[in-house]
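Presented below is the structure to which this report refers.
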Amino acid sequence: MHWRSSEDSNGTGVNGVANITDGRNESPVEARNDRLSHPARKHSLSSRLLIGTLAAGCLLVAAIGLRLFSQRNELPELRTVNVERRDLVITVGTTGTIEPDEVVQVGPDVAGKIVRFGMDSRDPNKSIGVGSRVAKGTVLFQLDTQQYEIALEKANAAYRLANADLVRLEAQFQQSQRNLDRANRLRSTNAQSVYDEIVTANEMATAMLAVGKAKLEEAEAEVHHAKVSLENTNVRSPIDGIVIDRRANLGQYVSVGHPGLFLLAKDLDQMQIRASVSESDIGKVQRGQPVTFTVDAHRDQVMTGHVKEILLNARMHGNFVTYDVIVAIDQTDLNILPHMTTDVEFEITKREQAWLVPTGALQWWPESEQMERTIATDLISPSLDSSGPGKGDTAYVWVPSRDGKVRPISVQVGIDDGVQTEVIGTGLAPDSPVVVGEVKRTTLARIIPKVKTLR
C-alpha cells in the first residue's frame, strides 16, 4: 500500500486526508458511486424510447384525424354517364317456330298395308319423299287392294240379288193389282170378306215392292262405297306443293284417318312463325305490329315480319297461360326452313332520335351543399315515389358544375326499357355528362388515394 499526500493531484482527499487505493488510482467512494450509476442510465434510456414511441403514435393519429377531417369537408366524387341521342325501341320477347304458310297433313281414308310409294316426278327411279314436288292428284302411296276388291265383288253380288228380288216383287204387285180390279168389277156378287182379303193383298204387295226398291238402292250404295274404298287405296296429294315430311314406311299398316303420314307445304317461299306469348304480354300485341326475329342458322342477321293473327285458343302450362301469335315473314333472301326455332321481338313502342339517360340519373338527388348557390332549393324537390318519377312526370337530371357542385336540368319523363329512359327538355346536348351517383371509397382509399384495392 502507498500513502499519498493531499497535494497529490491523483489522490488528494478531502481536507487533505490521503486516500487509500488498490492500484487503479480510484478511491473506494468513487468506485461505489460509479457502480450505482449504471442502473440509472439504463432506466433513463428506456424512458426516452417510450416517450419517443408515444410521440410518434400521437403524430400519426393526428395526421389520420386531420386527413379524415379534411376529407369529410370535401364534396364527394360524382359518377357520371353521357347523354345519348338514338332510337329507343320497347319490345316483348319470346320464342317461336317457323312453319309454312299452308301445311296439309295427308293420311289414308281406309285402313291397310302400304305396298308402294309414288314416284318422284323429277327422278323416276326415286320414290316420293322429303323435298319432292308433287302436283294435285299425284299418288303419294298405295295400300293393299285385295280386301277392297273382294268387298266390291260382294257389293255387286248383293246388288244383283236385290235387283232380281225387285223384279219378283213387281210381278207380285202387278198380280195383286189385277185381282183388285176384278174384285171391284164383281163386288156385288162377292162376299165382303173376300173383297177385304183382295184389298189387303194388294196393299202388302205395294209395301213389299217399296221395300225391294229400297234394298236395291242400298245395294247400289254398297257398290259405290266399295268402289270408293278401292279407289282410296291410292292416297293422292290434295294440293300442288312440296313434301316437307314423310312418316310412312313400306309394309307399314295404317289405320283410317292416320294423320301426318305426309306433310305437304303449298309454298316454302311463304313462311310464317307461330310464337307463344304469355298472358301478361298478350295485351301489348296487336295485328299489323312490326316484328323482328333471328334464327340460329343466321344468328347475325335480323329479319322482319308483322303480326298476322292472334289465336284465342289459350294453352295451359300448369298455372301459366300462353297464346299463339302468327307472324307473317317478310320476303328474305336467307334460307329459312320449316321447324327452325326463332327468337322473336314484338315492337311495342318506338321513339326515333330520343334523348336517353340512365334511369338512375332520374332517381339521384344531391345534398344541399352540392348544389350551386344560385339554385332555389325551395322551388325544386325530389320525387316522393320510391321507384322514381314515371312516364309524363316532371323530373330533374343533374349535371356537373364548377368546384364539384351540380346544377339541375328540368325534363319530362318518357318511356323506358328498364335501363335507359327517354327525357324531353332543353339544355341537353349529345355526350354531355349527367350524374348517376357518387363514387364510394373505402377508408384506406380515402386516406391513401393511390392505394390499389385488391378485388
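Ordering of the C-alpha cells sets the chain letters (A, B, ...), residue numbers begin anew at 1 in every chain, and ligands are numbered from 1 in the order given.
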
Please provide the set of residues having any atom within 6 Å of Pro358 of chain A, restricted to only C-alpha atoms, with same-chain residues fewer than 2 positions apart removed, written as a short mmCIF file (atom, residue, chain, number, x, y, z; two decimals) with C-alpha atoms, in the first residue's frame.
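So the final result, stored in result.cif, reads:
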```cif
data_model
loop_
_atom_site.label_atom_id
_atom_site.label_comp_id
_atom_site.auth_asym_id
_atom_site.auth_seq_id
_atom_site.Cartn_x
_atom_site.Cartn_y
_atom_site.Cartn_z
CA GLY A 360 -80.69 6.00 -62.12
CA ALA A 361 -79.97 9.61 -63.17
CA GLN A 420 -82.49 3.88 -70.09
#
```

Report as CSV: every residue of segment 329-380 of chain A with an atom at most 9 Å from segment 290-308 of chain A, its closest pair of atoms, and their distance in Å to one decimal, counting only C-alpha atoms, with rows sorted by chain and ascending residue number.
```
residue,atom,partner,partner_atom,distance
A:Ile329,CA,A:Gly305,CA,4.3
A:Asp330,CA,A:Gly305,CA,4.9
A:Gln331,CA,A:Thr304,CA,8.5
A:Thr332,CA,A:Met303,CA,7.5
A:Leu334,CA,A:His298,CA,8.0
A:Asn335,CA,A:Ala297,CA,8.8
A:Ile336,CA,A:Ala297,CA,8.1
A:Met340,CA,A:Val295,CA,7.0
A:Thr341,CA,A:Val295,CA,6.2
A:Thr342,CA,A:Val295,CA,4.8
A:Asp343,CA,A:Phe293,CA,5.4
A:Val344,CA,A:Phe293,CA,4.4
A:Glu345,CA,A:Thr292,CA,5.3
A:Phe346,CA,A:Val291,CA,4.8
A:Glu347,CA,A:Pro290,CA,5.6
A:Ile348,CA,A:Pro290,CA,8.3
```

Can you spit out the residues from that selection as a PDB file, in the first residue's frame, using N, CA, C and O atoms?
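Dumped to again_33.pdb:
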```
ATOM      1  N   ILE A 329     -93.810 -13.578 -92.296  1.00  0.00           N
ATOM      2  CA  ILE A 329     -92.408 -13.228 -92.533  1.00  0.00           C
ATOM      3  C   ILE A 329     -92.295 -12.435 -93.828  1.00  0.00           C
ATOM      4  O   ILE A 329     -92.834 -12.832 -94.868  1.00  0.00           O
ATOM      5  N   ASP A 330     -91.590 -11.304 -93.761  1.00  0.00           N
ATOM      6  CA  ASP A 330     -91.338 -10.518 -94.964  1.00  0.00           C
ATOM      7  C   ASP A 330     -90.370 -11.256 -95.879  1.00  0.00           C
ATOM      8  O   ASP A 330     -89.596 -12.123 -95.443  1.00  0.00           O
ATOM      9  N   GLN A 331     -90.389 -10.892 -97.143  1.00  0.00           N
ATOM     10  CA  GLN A 331     -89.532 -11.548 -98.135  1.00  0.00           C
ATOM     11  C   GLN A 331     -88.070 -11.422 -97.733  1.00  0.00           C
ATOM     12  O   GLN A 331     -87.590 -10.351 -97.350  1.00  0.00           O
ATOM     13  N   THR A 332     -87.340 -12.541 -97.790  1.00  0.00           N
ATOM     14  CA  THR A 332     -85.932 -12.539 -97.417  1.00  0.00           C
ATOM     15  C   THR A 332     -85.160 -13.461 -98.354  1.00  0.00           C
ATOM     16  O   THR A 332     -85.715 -14.431 -98.901  1.00  0.00           O
ATOM     17  N   LEU A 334     -82.522 -15.093 -97.244  1.00  0.00           N
ATOM     18  CA  LEU A 334     -81.902 -16.113 -96.406  1.00  0.00           C
ATOM     19  C   LEU A 334     -82.667 -17.425 -96.513  1.00  0.00           C
ATOM     20  O   LEU A 334     -83.880 -17.448 -96.740  1.00  0.00           O
ATOM     21  N   ASN A 335     -81.941 -18.513 -96.334  1.00  0.00           N
ATOM     22  CA  ASN A 335     -82.541 -19.840 -96.430  1.00  0.00           C
ATOM     23  C   ASN A 335     -83.095 -20.233 -95.064  1.00  0.00           C
ATOM     24  O   ASN A 335     -82.356 -20.663 -94.180  1.00  0.00           O
ATOM     25  N   ILE A 336     -84.381 -20.048 -94.879  1.00  0.00           N
ATOM     26  CA  ILE A 336     -85.027 -20.449 -93.639  1.00  0.00           C
ATOM     27  C   ILE A 336     -85.933 -21.642 -93.924  1.00  0.00           C
ATOM     28  O   ILE A 336     -86.634 -21.669 -94.934  1.00  0.00           O
ATOM     29  N   MET A 340     -87.579 -24.410 -87.804  1.00  0.00           N
ATOM     30  CA  MET A 340     -86.487 -23.678 -87.161  1.00  0.00           C
ATOM     31  C   MET A 340     -87.017 -22.900 -85.964  1.00  0.00           C
ATOM     32  O   MET A 340     -88.125 -22.371 -85.993  1.00  0.00           O
ATOM     33  N   THR A 341     -86.207 -22.839 -84.903  1.00  0.00           N
ATOM     34  CA  THR A 341     -86.576 -22.073 -83.713  1.00  0.00           C
ATOM     35  C   THR A 341     -86.143 -20.623 -83.881  1.00  0.00           C
ATOM     36  O   THR A 341     -85.033 -20.357 -84.365  1.00  0.00           O
ATOM     37  N   THR A 342     -87.009 -19.706 -83.487  1.00  0.00           N
ATOM     38  CA  THR A 342     -86.727 -18.280 -83.659  1.00  0.00           C
ATOM     39  C   THR A 342     -86.793 -17.549 -82.321  1.00  0.00           C
ATOM     40  O   THR A 342     -87.540 -17.943 -81.423  1.00  0.00           O
ATOM     41  N   ASP A 343     -85.997 -16.501 -82.203  1.00  0.00           N
ATOM     42  CA  ASP A 343     -86.103 -15.542 -81.104  1.00  0.00           C
ATOM     43  C   ASP A 343     -86.842 -14.317 -81.645  1.00  0.00           C
ATOM     44  O   ASP A 343     -86.332 -13.624 -82.527  1.00  0.00           O
ATOM     45  N   VAL A 344     -88.025 -14.069 -81.116  1.00  0.00           N
ATOM     46  CA  VAL A 344     -88.935 -13.070 -81.681  1.00  0.00           C
ATOM     47  C   VAL A 344     -89.018 -11.858 -80.755  1.00  0.00           C
ATOM     48  O   VAL A 344     -89.071 -12.006 -79.531  1.00  0.00           O
ATOM     49  N   GLU A 345     -89.036 -10.665 -81.348  1.00  0.00           N
ATOM     50  CA  GLU A 345     -89.218  -9.412 -80.613  1.00  0.00           C
ATOM     51  C   GLU A 345     -90.388  -8.646 -81.242  1.00  0.00           C
ATOM     52  O   GLU A 345     -90.325  -8.254 -82.410  1.00  0.00           O
ATOM     53  N   PHE A 346     -91.455  -8.467 -80.456  1.00  0.00           N
ATOM     54  CA  PHE A 346     -92.592  -7.665 -80.901  1.00  0.00           C
ATOM     55  C   PHE A 346     -92.331  -6.206 -80.544  1.00  0.00           C
ATOM     56  O   PHE A 346     -92.079  -5.885 -79.386  1.00  0.00           O
ATOM     57  N   GLU A 347     -92.375  -5.325 -81.555  1.00  0.00           N
ATOM     58  CA  GLU A 347     -92.098  -3.904 -81.327  1.00  0.00           C
ATOM     59  C   GLU A 347     -93.341  -3.231 -80.752  1.00  0.00           C
ATOM     60  O   GLU A 347     -94.327  -3.017 -81.457  1.00  0.00           O
ATOM     61  N   ILE A 348     -93.279  -2.886 -79.468  1.00  0.00           N
ATOM     62  CA  ILE A 348     -94.426  -2.291 -78.788  1.00  0.00           C
ATOM     63  C   ILE A 348     -94.448  -0.777 -78.991  1.00  0.00           C
ATOM     64  O   ILE A 348     -95.469  -0.195 -79.371  1.00  0.00           O
TER      65      ILE A 348
END
```

Q. For Leu428 of chain A, which residue out of A:Asn82, A:Ser368, A:Gln146, A:Ser127 is the nearest one, using only C-alpha atoms?
A.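 Among the listed residues, the smallest separation from Leu428 of chain A belongs to A:Asn82.
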
Q: Can you pull out every residue within 7 Å of segment 89-105 of chain A, counting only C-alpha atoms, but drop anything in the same chain fewer than 3 positions away, and send it as a ChimeraX atom specification?
A: /A:259-260,262-266,268,270-277,338-351,417

Q | strand (DSSP E or B) per DSSP on the backbone: members of segment 45-226 of chain A, as a ChimeraX atom specification | A | /A:78-82,84-100,103-106,112-117,119,127,133-134,139-143

**Q.** Residues near Asp416 of chain A, cut-off 10 Å, only C-alpha atoms, skip fewer than 2 positions along chain, as a VMD selection string
**A.** chain A and resid 88 to 90 349 356 to 359 390 to 391 413 to 414 418 to 423

Restricting it to all heavy atoms, dump the selection as a compact mmCIF listing (two decimals), in the first residue's frame.
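Saved result, result.txt, follows:
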```txt
# COMPACT_ATOMS: atom_id res chain seq x y z
N LEU A 88 -85.06 4.54 -79.51
CA LEU A 88 -85.39 3.68 -78.37
C LEU A 88 -86.59 2.82 -78.76
O LEU A 88 -87.64 3.35 -79.13
CB LEU A 88 -85.71 4.51 -77.12
CG LEU A 88 -86.15 3.71 -75.89
CD1 LEU A 88 -85.01 2.80 -75.41
CD2 LEU A 88 -86.58 4.64 -74.76
N VAL A 89 -86.41 1.51 -78.68
CA VAL A 89 -87.47 0.57 -79.05
C VAL A 89 -87.82 -0.28 -77.84
O VAL A 89 -86.93 -0.90 -77.23
CB VAL A 89 -87.04 -0.33 -80.22
CG1 VAL A 89 -88.16 -1.29 -80.60
CG2 VAL A 89 -86.63 0.51 -81.42
N ILE A 90 -89.10 -0.32 -77.49
CA ILE A 90 -89.59 -1.17 -76.40
C ILE A 90 -90.19 -2.41 -77.04
O ILE A 90 -91.08 -2.32 -77.90
CB ILE A 90 -90.64 -0.45 -75.54
CG1 ILE A 90 -90.10 0.92 -75.09
CG2 ILE A 90 -91.03 -1.30 -74.35
CD1 ILE A 90 -88.85 0.85 -74.25
N THR A 349 -93.33 -0.12 -78.75
CA THR A 349 -93.23 1.34 -78.89
C THR A 349 -91.85 1.68 -79.43
O THR A 349 -90.86 1.02 -79.10
CB THR A 349 -93.43 2.04 -77.52
OG1 THR A 349 -94.63 1.59 -76.93
CG2 THR A 349 -93.50 3.55 -77.70
N LEU A 356 -81.71 10.06 -74.26
CA LEU A 356 -81.75 8.94 -73.32
C LEU A 356 -80.73 9.15 -72.20
O LEU A 356 -79.58 9.53 -72.46
CB LEU A 356 -81.44 7.62 -74.04
CG LEU A 356 -82.35 7.25 -75.22
CD1 LEU A 356 -81.89 5.95 -75.85
CD2 LEU A 356 -83.79 7.15 -74.77
N VAL A 357 -81.20 8.91 -70.98
CA VAL A 357 -80.32 8.96 -69.81
C VAL A 357 -80.53 7.68 -69.01
O VAL A 357 -81.59 7.05 -69.09
CB VAL A 357 -80.62 10.19 -68.92
CG1 VAL A 357 -80.40 11.48 -69.69
CG2 VAL A 357 -82.02 10.13 -68.34
N PRO A 358 -79.54 7.26 -68.24
CA PRO A 358 -79.76 6.10 -67.37
C PRO A 358 -80.91 6.36 -66.40
O PRO A 358 -81.08 7.49 -65.91
CB PRO A 358 -78.42 5.94 -66.64
CG PRO A 358 -77.43 6.62 -67.51
CD PRO A 358 -78.15 7.75 -68.16
N THR A 359 -81.70 5.35 -66.13
CA THR A 359 -82.83 5.51 -65.23
C THR A 359 -82.39 5.99 -63.86
O THR A 359 -83.09 6.76 -63.20
CB THR A 359 -83.59 4.17 -65.11
OG1 THR A 359 -83.99 3.75 -66.42
CG2 THR A 359 -84.81 4.31 -64.23
N GLY A 390 -92.29 8.68 -62.99
CA GLY A 390 -92.84 7.83 -64.03
C GLY A 390 -93.08 8.59 -65.31
O GLY A 390 -92.82 9.81 -65.42
N LYS A 391 -93.63 7.89 -66.30
CA LYS A 391 -93.88 8.48 -67.60
C LYS A 391 -94.84 9.66 -67.46
O LYS A 391 -95.88 9.57 -66.82
CB LYS A 391 -94.46 7.43 -68.54
CG LYS A 391 -94.73 7.94 -69.94
CD LYS A 391 -95.30 6.85 -70.82
CE LYS A 391 -95.63 7.38 -72.22
NZ LYS A 391 -96.19 6.34 -73.10
N VAL A 413 -90.39 13.07 -68.27
CA VAL A 413 -90.05 11.66 -68.39
C VAL A 413 -90.90 11.00 -69.47
O VAL A 413 -92.12 11.19 -69.52
CB VAL A 413 -90.24 10.94 -67.05
CG1 VAL A 413 -89.85 9.47 -67.16
CG2 VAL A 413 -89.41 11.62 -65.96
N GLY A 414 -90.22 10.23 -70.34
CA GLY A 414 -90.92 9.48 -71.38
C GLY A 414 -90.92 8.00 -71.09
O GLY A 414 -91.00 7.57 -69.94
N GLY A 418 -86.25 -0.09 -68.98
CA GLY A 418 -85.73 -0.69 -67.77
C GLY A 418 -84.29 -0.31 -67.48
O GLY A 418 -83.84 -0.43 -66.33
N VAL A 419 -83.57 0.15 -68.48
CA VAL A 419 -82.17 0.56 -68.30
C VAL A 419 -82.01 2.05 -68.59
O VAL A 419 -81.40 2.78 -67.82
CB VAL A 419 -81.24 -0.27 -69.20
CG1 VAL A 419 -79.80 0.20 -69.05
CG2 VAL A 419 -81.35 -1.75 -68.87
N GLN A 420 -82.57 2.48 -69.71
CA GLN A 420 -82.49 3.88 -70.09
C GLN A 420 -83.90 4.45 -70.24
O GLN A 420 -84.84 3.74 -70.58
CB GLN A 420 -81.71 4.03 -71.39
CG GLN A 420 -80.22 3.70 -71.23
CD GLN A 420 -79.44 4.01 -72.48
OE1 GLN A 420 -79.78 3.55 -73.55
NE2 GLN A 420 -78.39 4.80 -72.35
N THR A 421 -83.99 5.75 -69.98
CA THR A 421 -85.28 6.43 -70.00
C THR A 421 -85.22 7.60 -70.97
O THR A 421 -84.22 8.33 -71.01
CB THR A 421 -85.65 6.93 -68.59
OG1 THR A 421 -85.68 5.81 -67.70
CG2 THR A 421 -87.01 7.61 -68.59
N GLU A 422 -86.29 7.78 -71.70
CA GLU A 422 -86.41 8.93 -72.60
C GLU A 422 -86.74 10.17 -71.78
O GLU A 422 -87.60 10.14 -70.89
CB GLU A 422 -87.52 8.67 -73.61
CG GLU A 422 -87.80 9.86 -74.52
CD GLU A 422 -89.11 9.72 -75.25
OE1 GLU A 422 -89.97 8.94 -74.82
OE2 GLU A 422 -89.29 10.44 -76.26
N VAL A 423 -86.04 11.27 -72.06
CA VAL A 423 -86.33 12.54 -71.41
C VAL A 423 -86.53 13.61 -72.48
O VAL A 423 -85.91 13.57 -73.54
CB VAL A 423 -85.20 12.95 -70.44
CG1 VAL A 423 -85.15 12.02 -69.25
CG2 VAL A 423 -83.85 12.99 -71.14
```

Q.
To one decimal place in Å, what is the distance between atom CA of Leu312 of chain A and atom CA of Gln286 of chain A?
A. 12.9 Å

Q) Residues of segment 87-305 of chain A in alpha helix (DSSP H) according to DSSP, as a ChimeraX atom specification? A) /A:146-185,192-231

Q.
Env of Gln412 of chain A: 7 Å cut, atoms = only C-alpha atoms, seq-sep filter 3 positions within chain, self excluded. Answer as a list in words.
A.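 The residues satisfying every condition are Gly392, Asp393, Thr394, Ala395, Val423, Ile424 and Gly425 of chain A.
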
Using C-alpha atoms, can you export the residues from the last selection as a short mmCIF file (atom, residue, chain, number, x, y, z; two decimals), in the first residue's frame?
```
data_model
loop_
_atom_site.label_atom_id
_atom_site.label_comp_id
_atom_site.auth_asym_id
_atom_site.auth_seq_id
_atom_site.Cartn_x
_atom_site.Cartn_y
_atom_site.Cartn_z
CA GLY A 392 -95.26 12.01 -68.03
CA ASP A 393 -93.81 13.31 -64.74
CA THR A 394 -91.56 16.35 -64.48
CA ALA A 395 -88.15 15.41 -63.09
CA VAL A 423 -86.33 12.54 -71.41
CA ILE A 424 -87.73 15.62 -73.10
CA GLY A 425 -86.37 19.06 -72.31
#
```

Q.
Residues within 6 Å of Asp87 of chain A, please, as a PyMOL selection string. Count only C-alpha atoms; anything in the same chain fewer than 6 positions from it doesn't count.
A. chain A and resi 351-354

Output for the residues just chosen: all heavy atoms as a PDB file, in the first residue's frame:
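This is the output file result_29.pdb:
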```
ATOM      1  N   ARG A 351     -89.332   5.227 -80.281  1.00  0.00           N
ATOM      2  CA  ARG A 351     -89.046   6.655 -80.295  1.00  0.00           C
ATOM      3  C   ARG A 351     -87.777   6.865 -81.118  1.00  0.00           C
ATOM      4  O   ARG A 351     -86.726   6.314 -80.799  1.00  0.00           O
ATOM      5  CB  ARG A 351     -88.825   7.195 -78.881  1.00  0.00           C
ATOM      6  CG  ARG A 351     -90.047   7.122 -77.990  1.00  0.00           C
ATOM      7  CD  ARG A 351     -91.064   8.193 -78.371  1.00  0.00           C
ATOM      8  NE  ARG A 351     -92.085   8.319 -77.356  1.00  0.00           N
ATOM      9  CZ  ARG A 351     -93.183   7.594 -77.302  1.00  0.00           C
ATOM     10  NH1 ARG A 351     -93.403   6.689 -78.248  1.00  0.00           N
ATOM     11  NH2 ARG A 351     -94.056   7.754 -76.330  1.00  0.00           N
ATOM     12  N   GLU A 352     -87.894   7.674 -82.163  1.00  0.00           N
ATOM     13  CA  GLU A 352     -86.751   7.931 -83.016  1.00  0.00           C
ATOM     14  C   GLU A 352     -85.972   9.142 -82.516  1.00  0.00           C
ATOM     15  O   GLU A 352     -86.553  10.177 -82.183  1.00  0.00           O
ATOM     16  CB  GLU A 352     -87.209   8.159 -84.455  1.00  0.00           C
ATOM     17  CG  GLU A 352     -87.864   6.929 -85.093  1.00  0.00           C
ATOM     18  CD  GLU A 352     -88.254   7.168 -86.526  1.00  0.00           C
ATOM     19  OE1 GLU A 352     -88.136   8.323 -86.978  1.00  0.00           O
ATOM     20  OE2 GLU A 352     -88.673   6.204 -87.191  1.00  0.00           O
ATOM     21  N   GLN A 353     -84.644   8.981 -82.454  1.00  0.00           N
ATOM     22  CA  GLN A 353     -83.729  10.057 -82.051  1.00  0.00           C
ATOM     23  C   GLN A 353     -84.168  10.696 -80.726  1.00  0.00           C
ATOM     24  O   GLN A 353     -84.330  11.912 -80.612  1.00  0.00           O
ATOM     25  CB  GLN A 353     -83.615  11.107 -83.152  1.00  0.00           C
ATOM     26  CG  GLN A 353     -82.924  10.598 -84.406  1.00  0.00           C
ATOM     27  CD  GLN A 353     -81.502  10.145 -84.133  1.00  0.00           C
ATOM     28  OE1 GLN A 353     -80.659  10.919 -83.662  1.00  0.00           O
ATOM     29  NE2 GLN A 353     -81.224   8.868 -84.397  1.00  0.00           N
ATOM     30  N   ALA A 354     -84.347   9.855 -79.737  1.00  0.00           N
ATOM     31  CA  ALA A 354     -84.769  10.333 -78.409  1.00  0.00           C
ATOM     32  C   ALA A 354     -83.548  10.623 -77.546  1.00  0.00           C
ATOM     33  O   ALA A 354     -82.480  10.026 -77.724  1.00  0.00           O
ATOM     34  CB  ALA A 354     -85.656   9.290 -77.734  1.00  0.00           C
TER      35      ALA A 354
END
```

Q | Shell around Gln175 of chain A at 12 Å using only C-alpha atoms, local window under 6 positions removed, as a list in words | A | Arg168, Leu169, Asp181, Arg182, Ile198, Val199, Ala201, Asn202, Glu203, Met204, Ala205 and Thr206 of chain A

**Q.** Residue among A:Ser46, A:Gln289, A:Thr426, A:Ser278 lying closest to Ala314 of chain A, counting only C-alpha atoms
**A.** A:Ser278

Q: Give me, please, the distance in Å between atom CA of Ile150 of chain A and atom CA of His224 of chain A, quoted to one decimal.
A: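 Between atom CA of Ile150 of chain A and atom CA of His224 of chain A the gap works out to 13.6 Å.
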
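Each of A:Arg86, A:Arg79, A:Arg122, A:Arg236 was checked against Asp109 of chain A using only C-alpha atoms; the smallest atom-to-atom distance is that of A:Arg236.
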
Q. How far is it from atom CA of His317 of chain A to atom CA of Arg247 of chain A, in Å with one decimal?
A. 28.4 Å
